Amino acid sequence: VGIAVEGSDDLYFTEVPSPGVGGGRNGVSHLDIETGQITRISTGEPEPTNLAIARNGDVYWTCKSAGVILRHLEASGMTEAFATDLNQPSGISVGKRGAVYFTEIPTPGAPGTAGGLNTVSVLRGNGKLVISMGEPEPTDVVVAKDGDLYWTCKSAGVILRRSHGVTSVLLSGLTAPSGIALDHKGEVLYFTEVPTPGVSGDNGGSNAVRSYGLATRRLRTIHAGDPEPTDLAVARNGNVYWTCTSAGVIVEAK
């Protein structure tokens, strides 16, 4: 499901064959891209969803049904609870000085005007701060080096941007945008659209992986036809990786 890349050689991903079931086969793994070796770093969480990597190499992930954010410490190799008592956390990104941005989706598809309780928040040393609330389904989030925040809103078909305290619509008219990522320069935004989960292009599916130049405003299709391109990440060398959940694969675009 979730995926994150550190540099150009280390890739982390989650597998959730039994969502909501603790002690099962769900887990978080590390893939050495150069050698192809996979190492499991955590097993047994009920729903490890999306991942993010801090500058010091610590790996964070949301566990949706458990309502927690977990952290795998690079120095010790231990996994610990970073935040608890959350409400269906989904997307996650780590910014400067360890600020952790994340989304919560307890009422997917319901906007604030209809009683929805979905939020985008940040955790810093002084605790949790809600940045935005009222979107029907803030699915995944990424923070840029300059502090701008971008997130997909799946059911609304938009990508939102928060810059200098102001939230605005960056892209609209999308079809079920899900995963989101930035290149290391912060110039190109990548995202997936999954209107037909589980259906390949050969069978009529219209899922796609796209890129959007923040300065050029150029929207491109990187790839189309996968049955379920869920989350994606961009390596420092420019390679793009995404999970295809129903197919059980990770795809690389060089």
# chains A, B, ... in the order shown; residues from 1 in each chain; ligands from 1
call {"tool": "residues_around", "arguments": {"residues": "Ile92 in chain A", "least_positions_apart": "4", "cutoff": "8 Å", "atoms": "only C-alpha atoms", "output": "PyMOL selection string"}}
result
chain A and resi 50-52+60-62+100-103+140-142
call {"tool": "residues_around", "arguments": {"residues": "Leu11 in chain A", "least_positions_apart": "2", "cutoff": "7 Å", "atoms": "only C-alpha atoms", "output": "list in words"}}
result
Ala4, Val5, Glu6, Asp9, Phe13, His30, Leu31, Asp32 and Ile33 of chain A
call {"tool": "closest_residue", "arguments": {"among": "A:Arg217, A:Ala75, A:Ile41, A:Gly225", "to": "Pro197 in chain A", "atoms": "only C-alpha atoms"}}
result
A:Gly225
call {"tool": "select_by_dssp", "arguments": {"residues": "range 40-232 of chain A", "states": "strand (DSSP E or B)", "output": "number ranges by chain"}}
result
A: 40-43, 48-53, 59-63, 68-72, 79-83, 89-94, 100-104, 119-124, 127-133, 138-143, 149-153, 158-163, 166-171, 177-182, 188-193, 208-213, 219-224, 229-232
call {"tool": "write_last_selection", "arguments": {"atoms": "C-alpha atoms", "output": "CSV table (one decimal), in the first residue's frame"}}
result
chain,number,residue,atom,x,y,z
A,40,ARG,CA,10.9,-7.0,7.2
A,41,ILE,CA,11.3,-4.2,9.8
A,42,SER,CA,7.9,-4.5,11.5
A,43,THR,CA,5.1,-7.1,11.6
A,48,PRO,CA,0.1,-0.1,8.3
A,49,THR,CA,-0.9,2.4,5.6
A,50,ASN,CA,1.3,5.2,4.4
A,51,LEU,CA,5.0,5.9,5.1
A,52,ALA,CA,7.4,8.8,5.4
A,53,ILE,CA,11.2,9.1,6.1
A,59,VAL,CA,10.8,5.7,9.3
A,60,TYR,CA,7.2,6.8,10.2
A,61,TRP,CA,4.0,5.2,9.2
A,62,THR,CA,0.3,5.5,10.0
A,63,CYS,CA,-1.7,2.5,11.3
A,68,VAL,CA,-1.6,5.4,15.8
A,69,ILE,CA,1.6,6.6,14.1
A,70,LEU,CA,4.6,4.3,14.6
A,71,ARG,CA,8.3,5.2,14.2
A,72,HIS,CA,11.2,2.9,13.4
A,79,THR,CA,9.9,0.4,16.6
A,80,GLU,CA,7.9,2.6,18.9
A,81,ALA,CA,4.6,4.4,19.1
A,82,PHE,CA,5.1,8.1,18.1
A,83,ALA,CA,1.4,9.2,18.4
A,89,PRO,CA,-4.8,8.3,10.3
A,90,SER,CA,-3.9,7.9,6.6
A,91,GLY,CA,-1.4,10.1,4.8
A,92,ILE,CA,1.9,11.2,6.4
A,93,SER,CA,5.0,13.3,5.6
A,94,VAL,CA,7.9,14.5,7.7
A,100,VAL,CA,5.1,15.2,11.2
A,101,TYR,CA,2.2,16.1,9.0
A,102,PHE,CA,-0.7,13.6,8.7
A,103,THR,CA,-4.3,13.2,7.7
A,104,GLU,CA,-7.2,11.6,9.6
A,119,THR,CA,-8.5,16.7,9.2
A,120,VAL,CA,-5.0,17.6,8.2
A,121,SER,CA,-2.7,18.1,11.2
A,122,VAL,CA,0.9,18.5,12.2
A,123,LEU,CA,2.7,17.1,15.3
A,124,ARG,CA,5.6,19.2,16.7
A,127,GLY,CA,1.7,18.9,20.4
A,128,LYS,CA,-0.9,18.5,17.7
A,129,LEU,CA,-2.2,21.4,15.6
A,130,VAL,CA,-5.1,21.0,13.1
A,131,ILE,CA,-4.1,22.7,9.9
A,132,SER,CA,-7.3,22.1,7.8
A,133,MET,CA,-10.6,20.5,8.4
A,138,PRO,CA,-7.8,14.0,2.6
A,139,THR,CA,-6.1,10.8,1.6
A,140,ASP,CA,-2.3,11.5,1.4
A,141,VAL,CA,-0.1,14.4,2.1
A,142,VAL,CA,3.4,15.7,1.3
A,143,VAL,CA,5.4,18.7,2.6
A,149,LEU,CA,1.8,21.4,2.1
A,150,TYR,CA,0.0,19.4,-0.6
A,151,TRP,CA,-2.7,16.7,-0.2
A,152,THR,CA,-5.1,14.7,-2.3
A,153,CYS,CA,-8.8,14.7,-1.5
A,158,VAL,CA,-8.8,17.7,-6.0
A,159,ILE,CA,-5.3,18.4,-4.8
A,160,LEU,CA,-5.1,21.1,-2.2
A,161,ARG,CA,-2.1,23.3,-1.3
A,162,ARG,CA,-1.5,25.2,1.9
A,163,SER,CA,1.1,28.0,1.5
A,166,VAL,CA,-3.7,29.9,3.1
A,167,THR,CA,-5.3,26.7,1.7
A,168,SER,CA,-6.3,26.7,-2.0
A,169,VAL,CA,-7.2,24.2,-4.7
A,170,LEU,CA,-4.1,23.4,-6.8
A,171,LEU,CA,-5.8,20.9,-9.2
A,177,PRO,CA,-6.6,11.1,-6.5
A,178,SER,CA,-4.8,9.0,-3.9
A,179,GLY,CA,-1.0,8.9,-3.4
A,180,ILE,CA,1.1,12.1,-3.7
A,181,ALA,CA,4.8,12.8,-3.7
A,182,LEU,CA,7.3,15.5,-4.6
A,188,VAL,CA,7.4,18.4,-9.7
A,189,LEU,CA,4.4,16.9,-7.9
A,190,TYR,CA,3.4,13.3,-8.6
A,191,PHE,CA,0.1,11.7,-7.8
A,192,THR,CA,-2.0,8.7,-8.6
A,193,GLU,CA,-5.7,8.5,-9.7
A,208,ALA,CA,-3.1,6.5,-13.9
A,209,VAL,CA,0.1,7.9,-12.5
A,210,ARG,CA,0.6,11.6,-13.3
A,211,SER,CA,3.0,14.5,-12.7
A,212,TYR,CA,2.4,18.2,-12.5
A,213,GLY,CA,5.1,20.9,-12.8
A,219,LEU,CA,0.3,18.0,-16.4
A,220,ARG,CA,1.6,14.7,-17.8
A,221,THR,CA,0.6,11.1,-17.6
A,222,ILE,CA,3.6,8.9,-16.5
A,223,HIS,CA,1.8,5.6,-16.8
A,224,ALA,CA,-1.7,4.3,-17.3
A,229,PRO,CA,-1.6,2.4,-8.4
A,230,THR,CA,-2.0,3.4,-4.7
A,231,ASP,CA,0.9,5.4,-3.3
A,232,LEU,CA,4.1,6.6,-4.9
call {"tool": "closest_atom_pairs", "arguments": {"of": "range 51-140 of chain A", "to": "range 15-21 of chain A", "cutoff": "9 Å", "atoms": "only C-alpha atoms", "output": "Markdown table"}}
result
| residue | atom | partner | partner_atom | distance |
| --- | --- | --- | --- | --- |
| A:Lys64 | CA | A:Gly20 | CA | 8.1 |
| A:Ser65 | CA | A:Gly20 | CA | 5.6 |
| A:Ala66 | CA | A:Gly20 | CA | 7.7 |
call {"tool": "write_last_selection", "arguments": {"atoms": "C-alpha atoms", "output": "CSV table (one decimal), in the first residue's frame"}}
result
chain,number,residue,atom,x,y,z
A,64,LYS,CA,-5.2,3.4,10.3
A,65,SER,CA,-7.4,1.1,12.2
A,66,ALA,CA,-5.3,1.2,15.4
call {"tool": "closest_residue", "arguments": {"among": "A:Asp226, A:Glu47, A:Asp85, A:Glu187", "to": "Gly204 in chain A", "atoms": "only C-alpha atoms"}}
result
A:Asp226
call {"tool": "select_by_dssp", "arguments": {"residues": "range 11-210 of chain A", "states": "helix (DSSP H, G or I)", "output": "VMD selection string"}}
result
chain A and resid 96 to 98 112 to 114 201 to 203
call {"tool": "atom_distance", "arguments": {"atom1": "CA of Ser206 in chain A", "atom2": "CA of Ser155 in chain A"}}
result
15.8 Å
call {"tool": "closest_residue", "arguments": {"among": "A:Gln37, A:Asn118, A:Thr216, A:Tyr12", "to": "Asp58 in chain A", "atoms": "only C-alpha atoms"}}
result
A:Tyr12
call {"tool": "residues_around", "arguments": {"residues": "Thr175 in chain A", "least_positions_apart": "2", "cutoff": "8 Å", "atoms": "only C-alpha atoms", "output": "list in words"}}
result
Lys154, Gly157, Gly173, Pro177, Glu193, Val194 and Pro195 of chain A
call {"tool": "residues_around", "arguments": {"residues": "Gly44 in chain A", "least_positions_apart": "2", "cutoff": "7 Å", "atoms": "only C-alpha atoms", "output": "list of chain:residue names"}}
result
A:Gly22, A:Gly23, A:Gly24, A:Arg25, A:Asn26, A:Gly27, A:Pro46
call {"tool": "atom_distance", "arguments": {"atom1": "CA of Trp242 in chain A", "atom2": "CA of Lys96 in chain A"}}
result
24.3 Å
call {"tool": "atom_distance", "arguments": {"atom1": "CA of Thr107 in chain A", "atom2": "CA of Pro136 in chain A"}}
result
7.5 Å
